[in-house]
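Let me begin by presenting the structure, written as structure tokens, before commenting on it.
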Amino acid sequence: MAAFVEIQRLTKVFAPRNGGAAVAALEGVDLAVAEGEFVCLVGPSGCGKSTLLNVVAGLEPPSAGDVRVNGRRISGAGADRGMVFQEAALFPWLNVIQNIEFPLRRLGVPRAERRARALHFLHMVHLSKFAGAYVHELSGGMRQRVAIARALAMDPKILLMDEPFAALDAQTRDILHEELQQIWQETRKTILFVTHNVREAAYLADRVAIFSAHPGTIKRVLPINYPHPRDKESLLIARAANVILEELKDEVEKAIRRQLGEEWQRPADRVSRSARLDLGRGI
Amino acid sequence: MAAFVEIQRLTKVFAPRNGGAAVAALEGVDLAVAEGEFVCLVGPSGCGKSTLLNVVAGLEPPSAGDVRVNGRRISGAGADRGMVFQEAALFPWLNVIQNIEFPLRRLGVPRAERRARALHFLHMVHLSKFAGAYVHELSGGMRQRVAIARALAMDPKILLMDEPFAALDAQTRDILHEELQQIWQETRKTILFVTHNVREAAYLADRVAIFSAHPGTIKRVLPINYPHPRDKESLLIARAANVILEELKDEVEKAIRRQLGEEWQRPADRVSRSARLDLGRGI
Amino acid sequence: ERLRVGYFPNLTHAVPILGLRQGRFAQALGDDAVIEPRVFNAGPAAMEALLAGELDLAYLGPGPAITGFVRSKGRALRIVAGAASGGASLVVRGDRGIAAAKDLAGRRLASPQIGNTQDVALRIFLREHGLQTRERGGPVSVLPLAGPEILMLFRKGEIDGAWTPEPWAALLRRERGALELVDERALWPQGKFPTTVVVATRQLLLERPMLVERWLRAQIDVSRWIAAHAAEARAEVNAGLRDLTTRDIPVEAAADAWSRLAFGEEILGEALAKLAGDAQALGYLPSYDVAGLVDRAPLERALAAAPP
Amino acid sequence: MPSPQDVLASFARGLSDGSFLIGTAVSLRRIAVGYGISVVLGLGLGLAIGRFRLLEDTVGSLVFGLQTIPSICWLPFAILWFGLSERAIVFVVVMGALLSIVIATDDGVKNTPPLLVRAGRTMGMRGVGLYARVVLPSALPAIVSGMKLGWSFAWRSLMAGELLFVSAGLGQLLTVGRDLNDMSLVIAVMLLIVAVGLAVERLLFGTAERVIRRRWGFVGVRG
Amino acid sequence: MPSPQDVLASFARGLSDGSFLIGTAVSLRRIAVGYGISVVLGLGLGLAIGRFRLLEDTVGSLVFGLQTIPSICWLPFAILWFGLSERAIVFVVVMGALLSIVIATDDGVKNTPPLLVRAGRTMGMRGVGLYARVVLPSALPAIVSGMKLGWSFAWRSLMAGELLFVSAGLGQLLTVGRDLNDMSLVIAVMLLIVAVGLAVERLLFGTAERVIRRRWGFVGVRG
Ligand SMILES: Nc1ncnc2c1ncn2[C@@H]1O[C@H](COP(=O)(O)OP(=O)(O)OP(=O)(O)O)[C@@H](O)[C@H]1O
Ligand SMILES: Nc1ncnc2c1ncn2[C@@H]1O[C@H](COP(=O)(O)OP(=O)(O)OP(=O)(O)O)[C@@H](O)[C@H]1O
Ligand SMILES: [Mg+2]
Ligand SMILES: [Mg+2]
């Protein structure tokens with residue numbers, strides 16, 4: 001299996017502000033993603049997940065290292081890599097349906113098909129009634145759903161999704177999980193998916209990349225070797241989620257401790273066992 | 001127990017856009033919150049939770065009905081009701097610490113104490129190192145944490161929190177749960193807390209208000225009658241979460257069906273049982 | 001007490017320039033008034049200032065003086081003396097076959113400013129030769145343009161001629177192939193027509209008539225000195241202009257222009273009346289009796305006091 | 001100062017003898033051409049300057065410098081290059097209005113939210129396409145207000161440009177009034193200029209701004 | 001048209017005889033006063049108009065209308081109200097620059113992101129406080145570009161205002177050049193005006209804009 005997306009020793013340092021220090025968001029990240037693979041990225045807040053997606057999308061140049069897609073070093077963004085941003089990046093001067101149709105026009109999709117595709121995905125995210133609404137008239141979750149519909153309608157080879165379901169209720173999220181899986185299996189897209197929800201990661205991913213923070217590196221890549229479609233309630237998924245959680249827990253606490261000094265303690269000791277049995281964690 | 005926040009027959013209709021129809025975001029909502037009570041609001045995306053918080057904050061006038069705080073009908077916003085917005089509403093021209101100090105100045109907190117308080121809460125959300133960073137240099141989760149720190153530093157009587165922890169990893173969220181609970185118990189704040197995470201709701205709330213959508217109404221208010229501090233892993237919490245989830249599930253599906261017509265079906269039947277045993281849901 | 005006096009940094013304003021430079025005015029007023037000179041670029045601005053009560057005495061062209069008188073219905077000012085005469089001509093391009101007034105049909109001509117002395121003269125001249133301007137359905141275009149633009153368009157051949165005062169007329173005459181069609185002096189009795197006049201506000205005349213008289217007495221001395229020391233006067237006016245504008249006027253043109261000007265206090269009442277009548281006939285001014293335009297009393301007293 | 005009656009009389013006369021009507025019509029035609037050219041060039045230049053740092057440091061600086069030159073300075077150049085033609089007047093108008101549109105556009109471009117540009121780029125847009133479909137619409141509120149200012153400066157410059165020669169136009173009426181010391185005419189024409197200014201603002205920009213504010217959801221501090 | 005050598009010679013002369021230096025100094029002093037007043041009044045008016053709909057429909061429209069009046073129209077009023085004084089020139093400058101600052105400020109205010117206003121209000125801010133601490137800073141990018149434009153229009157108006165009467169200043173040098181048909185002087189002064197314009201832009205606004213862009217994280221489309 002030749003790597004489709006190949007990230008090698010990727011380092012991303014943000015230039016220092018006046019008087020400040022440079023921020024190393026990513027340091028020496030290696031990750032190879034096969035074509036059609038679904039990889040979830042999890043890690044503490046601020047560890048560089050969004051930065052990694054940005055680099056793969058071609059929106060940020062790497063400070064060092066190499067990112068290749070299909071063997072070619074990426075140079076700039078392209079419609080082959082669709083992105084769902086962490087904050088729904090909708091265009092305020094377009095209404096909902098126009099926002100979804102927007103990239104299709106550039107891709108040369110004929111007018112009628114544009115509309116049909118846009119309506120299809122709008123339907124999928126249950127916002128058909130809001131086709132004519134403008135961005136500021138939508139709730140947070142509705143905005144995020146429009147952004148998801150837009151990315152799916154573009155039908156890119158690679159989907160980069162940055163916490164796409166974070167603002168959704170569990171049921172809507174469930175439904176969109178199914179839709180995404182179905183689309184993924186039918187079109188064999190390659191997906192990089194950032195989430196804080198370990199059960200979501202365990203349920204969706206072929207592999208889960210667990211980040212550690214400051215500077216961001218990949219601490220461990222966990223394969224989830226169960227065939228799709230999966231049962232969301234299966235113990236296997238829960239167990240995988242638990243493994244991820246344990247890895248993360250150390251990571252987060254280490255990150256916090258590094259930031260706040262060794263004196264740091266969890267606010268109340270009584271909850272230190274919180275992450276022990278993590279059947280209850282997740283989606 | 002006299003109601004501290006009293007919402008009666010609250011209706012909120014957004015004026016129709018050119019050519020569009022008026023959107024009824026809330027219709028006949030009744031809710032009484034006692035002083036020092038922690039109420040969580042859950043409901044499908046777009047059901048009016050944010051709108052409710054906005055009305056209580058005094059940011060949107062009600063279309064009909066009555067909202068009283070401490071017996072007085074609210075007229076406009078005030079520093080007695082602090083808000084954490086769904087999208088971190090930080091000021092781009094201020095750096096992190098200045099953003100937190102910003103409201104304190106208006107409240108007349110002396111300079112030295114301002115700085116001390118800001119640092120305290122910044123420490124709490126583990127961002128001490130980023131005191132000098134500007135908003136665009138923060139990750140999504142970091143922004144949300146700054147917004148939380150700002151609201152807590154203001155020390156309002158009523159805290160209105162709109163999905164404050166949605167962009168955080170489970171561990172950071174755990175820690176902030178503890179911090180929030182501790183602050184709440186120490187200062188007897190009244191808290192209205194929007195979340196999509198039913199376990200979070202069950203764990204934090206005295207009562208959980210479950211919304212139904214289109215138009216938004218409160219379908220049921222579920223008391224969680226366990227003493228604080230609670231054990232996050234307790235079966236009681238899990239059971240409560242499950243009850244909320246079941247209520248919500250119907251609601252969401254009803255909402256989707258209403259929107260898409262009766263032909264709608266979950267994408268794959270295989271997952272229809274997804275929300276059955278919901279020990280695995282939540283935080 | 002102060003006396004606010006307006007004038008322009010122009011050759012035609014040699015009298016006030018010299019008088020102020022040589023201190024003759026100050027000497028004449030003695031301790032009774034402090035002179036506050038105000039320098040303007042053109043007539044309308046000076047007249048605005050005078051009408052706004054910011055000037056007591058001003059040197060300007062008869063056009064703005066008459067306009068100011070009529071617009072204020074005689075309330076604002078009186079002409080109390082002349083200061084310069086002559087110095088305006090119609091210069092045309094030699095390559096257009098213009099030899100006489102009748103050849104101006106179908107031509108584009110320029111004047112410095114709508115309703116100013118030369119503009120009125122040009123239009124009346126055309127009318128007297130049976131030519132109407134374009135806006136009245138006639139064959140001649142008259143374009144009011146500033147001096148630099150006139151020169152440039154003349155060079156480019158976009159206008160066929162211009163009726164301008166000195167020194168612009170002199171500059172035009174120096175252009176290759178330029179032809180002086182009319183020297184305005186030829187149109188007036190004794191070759192005299194007013195170019196610069198002295199106006200005083202009525203308030204000044206009513207409240208401090210003595211100041212006006214003493215001012216005019218000094219002015220008579222200045223004009224006589226100019227007549228007696230032509231070359232010296234010219235050099236000193238140049239120096240005065242340089243002080244005001246920080247730049248020299250082109251020497252050759254200055255000599256030519258100077259030779260066509262005459263400096264004296266004569267009022268030329270009939271010419272003024274004709275100018276006023278012309279302006280009214282052209283519709284530039286509402287009809288108003290200009291009988292009271294000139295107040296000769298101060299000048300006569302000054303002349304009486306002056307040694308012959 | 002003339003009395004209100006005088007001004008009214010001047011107004012009535014100007015309306016009845018047709019000079020106000022013709023003047024307004026002539027001026028409006030000129031400004032339509034001059035302003036139209038300014039908008040097209042200004043948007044192009046503004047977008048180009050916003051895009052290329054090299055252009056910004058050269059043309060951008062030049063543009064700002066030229067912007068400080070009063071309209072009257074352009075008159076000799078206008079005559080030199082275009083002669084005594086309508087084009088000379090249009091040139092003066094363009095020099096007066098162009099640059100404020102350039103600056104506003106450049107500013108709008110520079111203040112485009114980076115997130116929207118990134119979104120556009122992940123849709124495979126770049127270069128001119130990205131500009132036309134993302135940056136330009138996003139900068140629209142800034143551009144519209146720049147165009148509004150540009151319009152008023154075009155109008156001002158037109159008044160200066162119309163000093164060039166007699167050919168109706170409100171600027172010429174203004175000069176005539178001033179040269180003939182007819183303050184009531186000057187004031188009447190000023191009122192006319194203000195009236196036309198307001199009418200155009202209401203017609204063109206009022207609507208555009210309302211649409212933009214509604215779509216973007218800007219409600220000011222009243223909402 | 002003069003040759004470049006002529007212009008250079010004029011430039012050298014102007015520098016060596018001090019007239020350029022004095023002219024620049026005098027003009028800069030006037031513009032400092034006039035522009036200063038414009039900024040203070042313009043911000044105040046702009047904020048007020050942005051705030052109160054009543055003001056917007058009355059004063060706001062008036063402001064835009066007045067904006068279209070060329071500087072030269074203000075000269076008679078300046079003399080009438082302020083006499084032949086520096087204050088009259090300053091008045092002309094203010095009338096030229098004030099309104100573009102008002103419009104830009106009003107625009108900045110109207111385009112304030114509603115979310116930030118809401119955040120300010122939940123902190124108990126309202127009225128003037130909300131304005132000073134939230135709306136004003138948020139509108140800063142728009143205001144700065146309005147001030148930049150305002151500066152260039154102040155400078156233009158100054159050139160017109162300096163025609164009021166002869167009183168040093170670069171505007172006067174320009175007129176002298178024209179009146180003496182000294183095109184090389186005119187061009188030299190124009191170059192001087194451009195140079196001073198650029199210098200001020202770089203000094204005042206260049207820095208301000210850089211700081212704003214860095215803080216806000218605006219990187220344009222290059223980033
Ligand atoms: N433009 C920037 N300038 C400076 N620092 C930046 C910039 N963008 C991101 N960073 C820093 O890089 C680090 C990683 O940010 P990133 O947004 O990738 O985090 P993340 O993993 O997506 O976090 P979250 O889960 O909170 O979204 C953070 O410390 C952040 O402060
Ligand atoms: N300014 C507005 N104009 C018109 N409609 C609006 C406006 N704001 C909100 N709405 C509508 O009101 C309804 C409720 O929105 P609200 O933001 O309160 O939902 P929510 O419960 O917070 O959803 P989410 O969980 O997705 O954040 C939505 O249908 C939305 O489209
Ligand atoms: Mg992120
Ligand atoms: Mg919401």
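Convention: chains lettered A, B, ... in structure tokens order; per-chain residue numbering from 1; ligands numbered from 1 as shown.
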Might you pull out every residue within 8 Å of Ser223 of chain C, with only C-alpha atoms counted and same-chain residues fewer than 5 positions away left off, and present them as a JSON list (two decimals) with N, CA, C and O atoms, in the first residue's frame?
```
[["chain", "number", "residue", "atom", "x", "y", "z"],
["C", 15, "VAL", "N", 1.74, 100.76, -8.50],
["C", 15, "VAL", "CA", 1.59, 101.89, -7.57],
["C", 15, "VAL", "C", 1.56, 101.43, -6.10],
["C", 15, "VAL", "O", 2.37, 101.88, -5.29],
["C", 263, "PHE", "N", 0.64, 104.96, -15.40],
["C", 263, "PHE", "CA", 0.23, 105.02, -14.00],
["C", 263, "PHE", "C", -0.19, 106.44, -13.66],
["C", 263, "PHE", "O", 0.55, 107.40, -13.92],
["C", 264, "GLY", "N", -1.36, 106.60, -13.11],
["C", 264, "GLY", "CA", -1.84, 107.93, -12.75],
["C", 264, "GLY", "C", -3.13, 107.81, -11.99],
["C", 264, "GLY", "O", -3.78, 106.75, -12.01],
["C", 265, "GLU", "N", -3.51, 108.88, -11.32],
["C", 265, "GLU", "CA", -4.67, 108.82, -10.43],
["C", 265, "GLU", "C", -5.98, 109.19, -11.12],
["C", 265, "GLU", "O", -7.04, 109.16, -10.51]]
```
* Residues within 9 Å of segment 220-223 of chain B, only C-alpha atoms, excluding chain neighbours under 5 positions, as a count of residues only -> 13
* Mind checking which residues fall within 8 Å of segment 111-128 of chain B, counting only C-alpha atoms, ignoring those fewer than 2 positions away in the same chain, and posting them as a ChimeraX atom specification? => /A:256,259-260 /B:97,100-101,104-105,109,130-131,142,145-146,149-150,152-153,176,179
* Asked: Which polymer residues have any atom within 9 Å of an atom of Thr67 of chain C, counting only C-alpha atoms, with same-chain residues fewer than 4 positions away left out, as a PyMOL selection string?
  -> (chain C and resi 47+62-63+71-72+115+276+279+284-285) or (chain D and resi 180-182)
* **Nearby residues, ligand 4, 7 Å, only C-alpha atoms and all ligand atoms, as a ChimeraX atom specification** => /A:139-141 /B:46,48-50,86,162
* Among the residues C:Ala254, C:Ile17, C:Ile124, C:Ala306, the one that comes closest to chain E [using only C-alpha atoms] ->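 Among the listed residues, C:Ala254 lies closest to chain E.
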* Asked: Quick one: which residues from chain C are at most 12 Å off chain E, using only C-alpha atoms, as a PyMOL selection string?
  -> chain C and resi 4-11+36-55+112+146-152+155-156+166-168+171-172+241-251+253-254
Since we have the selection now, will you write its residues out, keeping C-alpha atoms, as a compact mmCIF listing (two decimals), in the first residue's frame?
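Output below, filename out.txt:
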```
# COMPACT_ATOMS: atom_id res chain seq x y z
CA ARG C 4 -6.47 97.25 5.66
CA VAL C 5 -5.36 97.55 2.06
CA GLY C 6 -5.69 94.91 -0.63
CA TYR C 7 -3.73 94.56 -3.86
CA PHE C 8 -2.30 91.91 -6.18
CA PRO C 9 1.25 90.86 -6.97
CA ASN C 10 0.87 92.15 -10.54
CA LEU C 11 2.63 94.58 -12.82
CA GLU C 36 -2.21 96.15 7.07
CA PRO C 37 -1.46 95.06 3.52
CA ARG C 38 -3.37 92.07 2.15
CA VAL C 39 -2.21 90.44 -1.04
CA PHE C 40 -4.72 88.63 -3.24
CA ASN C 41 -4.42 86.57 -6.36
CA ALA C 42 -7.42 87.93 -8.22
CA GLY C 43 -10.34 90.32 -8.16
CA PRO C 44 -13.16 88.07 -6.98
CA ALA C 45 -11.24 87.02 -3.88
CA ALA C 46 -10.38 90.64 -3.05
CA MET C 47 -13.97 91.72 -3.58
CA GLU C 48 -15.23 88.89 -1.37
CA ALA C 49 -12.93 90.11 1.35
CA LEU C 50 -14.04 93.70 0.92
CA LEU C 51 -17.73 92.79 0.97
CA ALA C 52 -17.10 90.71 4.07
CA GLY C 53 -15.72 93.81 5.79
CA GLU C 54 -12.16 92.58 5.80
CA LEU C 55 -10.73 95.42 3.71
CA PRO C 112 -9.33 85.71 -18.48
CA ALA C 146 -6.78 81.35 -16.68
CA GLY C 147 -3.57 82.89 -18.05
CA PRO C 148 -1.42 79.77 -18.11
CA GLU C 149 -4.12 77.80 -19.88
CA ILE C 150 -4.56 80.55 -22.46
CA LEU C 151 -0.88 80.48 -23.26
CA MET C 152 -0.77 76.73 -23.55
CA ARG C 155 0.61 77.44 -28.47
CA LYS C 156 -1.25 74.24 -29.27
CA GLU C 166 -0.52 92.40 -19.26
CA PRO C 167 1.69 90.55 -18.73
CA TRP C 168 -0.18 87.69 -20.45
CA LEU C 171 3.69 86.72 -23.42
CA LEU C 172 1.23 85.99 -26.20
CA LEU C 241 7.09 91.29 -6.97
CA ARG C 242 9.95 88.97 -6.18
CA ASP C 243 9.49 89.63 -2.48
CA LEU C 244 5.79 88.86 -2.73
CA THR C 245 5.96 85.76 -4.89
CA THR C 246 9.56 84.64 -4.31
CA ARG C 247 9.99 84.52 -8.08
CA ASP C 248 10.91 86.94 -10.91
CA ILE C 249 8.66 87.65 -13.82
CA PRO C 250 10.28 86.93 -17.19
CA VAL C 251 12.35 90.02 -17.99
CA ALA C 253 7.93 90.19 -21.33
CA ALA C 254 8.04 92.56 -18.38
```
May I have the residues within 9 Å of Pro298 of chain C as a JSON list (two decimals) with all heavy atoms, in the first residue's frame, using only C-alpha atoms and disregarding those fewer than 4 positions away in the same chain?
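Dumped everything to around.json:
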```json
[["chain", "number", "residue", "atom", "x", "y", "z"],
["C", 80, "VAL", "N", -12.42, 105.76, -5.74],
["C", 80, "VAL", "CA", -11.93, 107.07, -5.32],
["C", 80, "VAL", "C", -10.78, 107.56, -6.18],
["C", 80, "VAL", "O", -10.42, 108.74, -6.10],
["C", 80, "VAL", "CB", -11.51, 107.07, -3.83],
["C", 80, "VAL", "CG1", -12.73, 106.86, -2.95],
["C", 80, "VAL", "CG2", -10.46, 106.01, -3.58],
["C", 81, "ALA", "N", -10.19, 106.66, -7.00],
["C", 81, "ALA", "CA", -9.11, 107.12, -7.86],
["C", 81, "ALA", "C", -8.77, 106.02, -8.85],
["C", 81, "ALA", "O", -9.18, 104.87, -8.69],
["C", 81, "ALA", "CB", -7.87, 107.46, -7.04],
["C", 205, "LEU", "N", -14.94, 105.95, 4.01],
["C", 205, "LEU", "CA", -15.16, 107.30, 3.51],
["C", 205, "LEU", "C", -15.98, 108.12, 4.50],
["C", 205, "LEU", "O", -15.77, 109.33, 4.66],
["C", 205, "LEU", "CB", -15.88, 107.25, 2.16],
["C", 205, "LEU", "CG", -15.00, 106.83, 0.99],
["C", 205, "LEU", "CD1", -15.85, 106.50, -0.23],
["C", 205, "LEU", "CD2", -14.01, 107.94, 0.66],
["C", 209, "PRO", "N", -12.53, 109.93, 6.42],
["C", 209, "PRO", "CA", -12.24, 110.44, 5.09],
["C", 209, "PRO", "C", -10.82, 111.01, 4.97],
["C", 209, "PRO", "O", -10.20, 110.92, 3.91],
["C", 209, "PRO", "CB", -13.29, 111.55, 4.89],
["C", 209, "PRO", "CG", -13.77, 111.89, 6.25],
["C", 209, "PRO", "CD", -13.62, 110.67, 7.09],
["C", 210, "MET", "N", -10.31, 111.51, 6.06],
["C", 210, "MET", "CA", -8.97, 112.09, 6.03],
["C", 210, "MET", "C", -7.92, 111.06, 5.62],
["C", 210, "MET", "O", -6.94, 111.37, 4.92],
["C", 210, "MET", "CB", -8.60, 112.66, 7.40],
["C", 210, "MET", "CG", -9.00, 114.11, 7.59],
["C", 210, "MET", "SD", -8.32, 115.16, 6.28],
["C", 210, "MET", "CE", -6.58, 115.14, 6.73],
["C", 212, "VAL", "N", -8.29, 108.55, 3.63],
["C", 212, "VAL", "CA", -8.36, 108.33, 2.20],
["C", 212, "VAL", "C", -7.62, 109.45, 1.47],
["C", 212, "VAL", "O", -6.81, 109.21, 0.57],
["C", 212, "VAL", "CB", -9.83, 108.26, 1.72],
["C", 212, "VAL", "CG1", -9.90, 108.01, 0.22],
["C", 212, "VAL", "CG2", -10.59, 107.18, 2.48],
["C", 213, "GLU", "N", -7.90, 110.64, 1.92],
["C", 213, "GLU", "CA", -7.27, 111.79, 1.26],
["C", 213, "GLU", "C", -5.75, 111.74, 1.39],
["C", 213, "GLU", "O", -5.02, 111.92, 0.41],
["C", 213, "GLU", "CB", -7.81, 113.08, 1.91],
["C", 213, "GLU", "CG", -7.34, 114.33, 1.21],
["C", 213, "GLU", "CD", -7.72, 115.56, 2.03],
["C", 213, "GLU", "OE1", -8.80, 115.55, 2.65],
["C", 213, "GLU", "OE2", -6.91, 116.50, 2.05],
["C", 214, "ARG", "N", -5.26, 111.42, 2.58],
["C", 214, "ARG", "CA", -3.81, 111.37, 2.76],
["C", 214, "ARG", "C", -3.20, 110.22, 1.97],
["C", 214, "ARG", "O", -2.10, 110.31, 1.46],
["C", 214, "ARG", "CB", -3.49, 111.27, 4.24],
["C", 214, "ARG", "CG", -3.50, 112.66, 4.89],
["C", 214, "ARG", "CD", -3.89, 112.60, 6.33],
["C", 214, "ARG", "NE", -2.83, 112.05, 7.16],
["C", 214, "ARG", "CZ", -2.97, 111.83, 8.46],
["C", 214, "ARG", "NH1", -4.11, 112.15, 9.07],
["C", 214, "ARG", "NH2", -1.98, 111.32, 9.16],
["C", 216, "LEU", "N", -4.35, 109.09, -0.86],
["C", 216, "LEU", "CA", -4.30, 109.47, -2.27],
["C", 216, "LEU", "C", -3.20, 110.50, -2.53],
["C", 216, "LEU", "O", -2.57, 110.49, -3.60],
["C", 216, "LEU", "CB", -5.66, 110.01, -2.72],
["C", 216, "LEU", "CG", -6.78, 108.95, -2.74],
["C", 216, "LEU", "CD1", -8.11, 109.56, -3.12],
["C", 216, "LEU", "CD2", -6.41, 107.81, -3.70],
["C", 302, "ALA", "N", -7.02, 115.92, -2.39],
["C", 302, "ALA", "CA", -5.62, 115.52, -2.41],
["C", 302, "ALA", "C", -4.86, 116.25, -3.50],
["C", 302, "ALA", "O", -3.73, 116.74, -3.29],
["C", 302, "ALA", "CB", -5.52, 114.01, -2.65],
["C", 303, "LEU", "N", -5.50, 116.39, -4.66],
["C", 303, "LEU", "CA", -4.85, 117.09, -5.77],
["C", 303, "LEU", "C", -4.65, 118.56, -5.42],
["C", 303, "LEU", "O", -3.60, 119.15, -5.73],
["C", 303, "LEU", "CB", -5.68, 116.96, -7.05],
["C", 303, "LEU", "CG", -5.57, 115.62, -7.78],
["C", 303, "LEU", "CD1", -6.63, 115.50, -8.85],
["C", 303, "LEU", "CD2", -4.16, 115.45, -8.37]]
```
* **Shell around segment 25-33 of chain E at 8 Å using only C-alpha atoms, local window under 6 positions removed, as a VMD selection string** => chain E and resid 86 89 to 90 93 154 to 155 158 168 to 171
* Long-range neighbours of Arg73 of chain A as a PyMOL selection string, 12 Å cut-off, only C-alpha atoms, 2 positions minimum in chain -> chain A and resi 4-8+55-58+61-62+65-71+75-77
* To do: Pick out the chain A residues within 9 Å of chain D. Count only C-alpha atoms. Give them as a PyMOL selection string.
  => chain A and resi 57-59+76-85+87+89-95+102-104+106-107+134-137+151+154
Dump as a tab-separated table the rows for residues of chain A within 7 Å of ligand 1: closest atom pair and distance in Å with one decimal, only C-alpha atoms and all ligand atoms counted, ordered by chain and rising residue number.
```
residue	atom	partner	partner_atom_place_in_ligand_line	distance
A:Phe14	CA	ligand 1	4 (C)	4.8
A:Ala15	CA	ligand 1	4 (C)	6.8
A:Val23	CA	ligand 1	5 (N)	5.6
A:Ala24	CA	ligand 1	12 (O)	6.7
A:Ala25	CA	ligand 1	12 (O)	4.2
A:Gly43	CA	ligand 1	21 (O)	6.7
A:Pro44	CA	ligand 1	25 (O)	6.2
A:Ser45	CA	ligand 1	25 (O)	3.7
A:Gly46	CA	ligand 1	23 (O)	3.4
A:Cys47	CA	ligand 1	21 (O)	3.9
A:Gly48	CA	ligand 1	18 (O)	3.1
A:Lys49	CA	ligand 1	21 (O)	3.6
A:Ser50	CA	ligand 1	22 (O)	3.6
A:Thr51	CA	ligand 1	18 (O)	3.6
A:Leu52	CA	ligand 1	18 (O)	6.5
```
* **From E:Phe64, E:Phe91, E:Phe52, E:Tyr35, residue lying nearest Met147 of chain E [only C-alpha atoms]** => E:Tyr35
* Of the candidates B:Lys189, B:Arg143, B:Arg9, B:Lys249, which one gets nearest to ligand 3 if we count only C-alpha atoms and all ligand atoms? ->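 Comparing B:Lys189, B:Arg143, B:Arg9, B:Lys249 against ligand 3, the winner is B:Arg143.
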* Separation of atom CA of Gln144 of chain A from atom CA of Phe165 of chain B in Å ->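 Separation between atom CA of Phe165 of chain B and atom CA of Gln144 of chain A: 16.4 Å.
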* In Å, how far is it from atom CA of Ser38 of chain D to atom CA of Gln67 of chain D? ->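 These atoms are spaced 13.0 Å apart.
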Listing only residues of chain E within 7 Å of chain D, what is the closest atom pair and its distance in Å (to one decimal) for each, using only C-alpha atoms, sorted by chain and residue number ascending, as CSV?
```
residue,atom,partner,partner_atom,distance
E:Arg51,CA,D:Val221,CA,6.7
E:Ser61,CA,D:Leu198,CA,6.6
E:Phe64,CA,D:Leu198,CA,6.8
E:Gly65,CA,D:Val194,CA,4.4
E:Leu66,CA,D:Val194,CA,6.0
E:Gln67,CA,D:Ser152,CA,6.3
E:Thr68,CA,D:Ser152,CA,4.7
E:Ile69,CA,D:Arg156,CA,6.0
E:Pro70,CA,D:Arg156,CA,4.6
E:Ser100,CA,D:Leu149,CA,6.8
E:Val109,CA,D:Gly220,CA,6.4
E:Lys110,CA,D:Gly220,CA,4.4
E:Asn111,CA,D:Phe218,CA,5.7
E:Thr112,CA,D:Gly220,CA,6.2
E:Pro113,CA,D:Phe218,CA,6.5
E:Pro114,CA,D:Phe218,CA,6.2
E:Val117,CA,D:Val221,CA,6.5
E:Leu149,CA,D:Ser100,CA,6.8
E:Ser152,CA,D:Thr68,CA,4.7
E:Phe153,CA,D:Thr68,CA,6.6
E:Trp155,CA,D:Thr68,CA,5.9
E:Arg156,CA,D:Pro70,CA,4.6
E:Met159,CA,D:Pro70,CA,6.7
E:Met190,CA,D:Ile69,CA,6.8
E:Ile193,CA,D:Ile69,CA,6.9
E:Val194,CA,D:Gly65,CA,4.4
E:Ala195,CA,D:Gly65,CA,6.8
E:Gly197,CA,D:Gly65,CA,5.3
E:Leu198,CA,D:Gly65,CA,5.3
E:Phe218,CA,D:Asn111,CA,5.6
E:Val219,CA,D:Lys110,CA,6.6
E:Gly220,CA,D:Lys110,CA,4.3
E:Val221,CA,D:Val117,CA,6.5
E:Arg222,CA,D:Arg51,CA,6.9
```
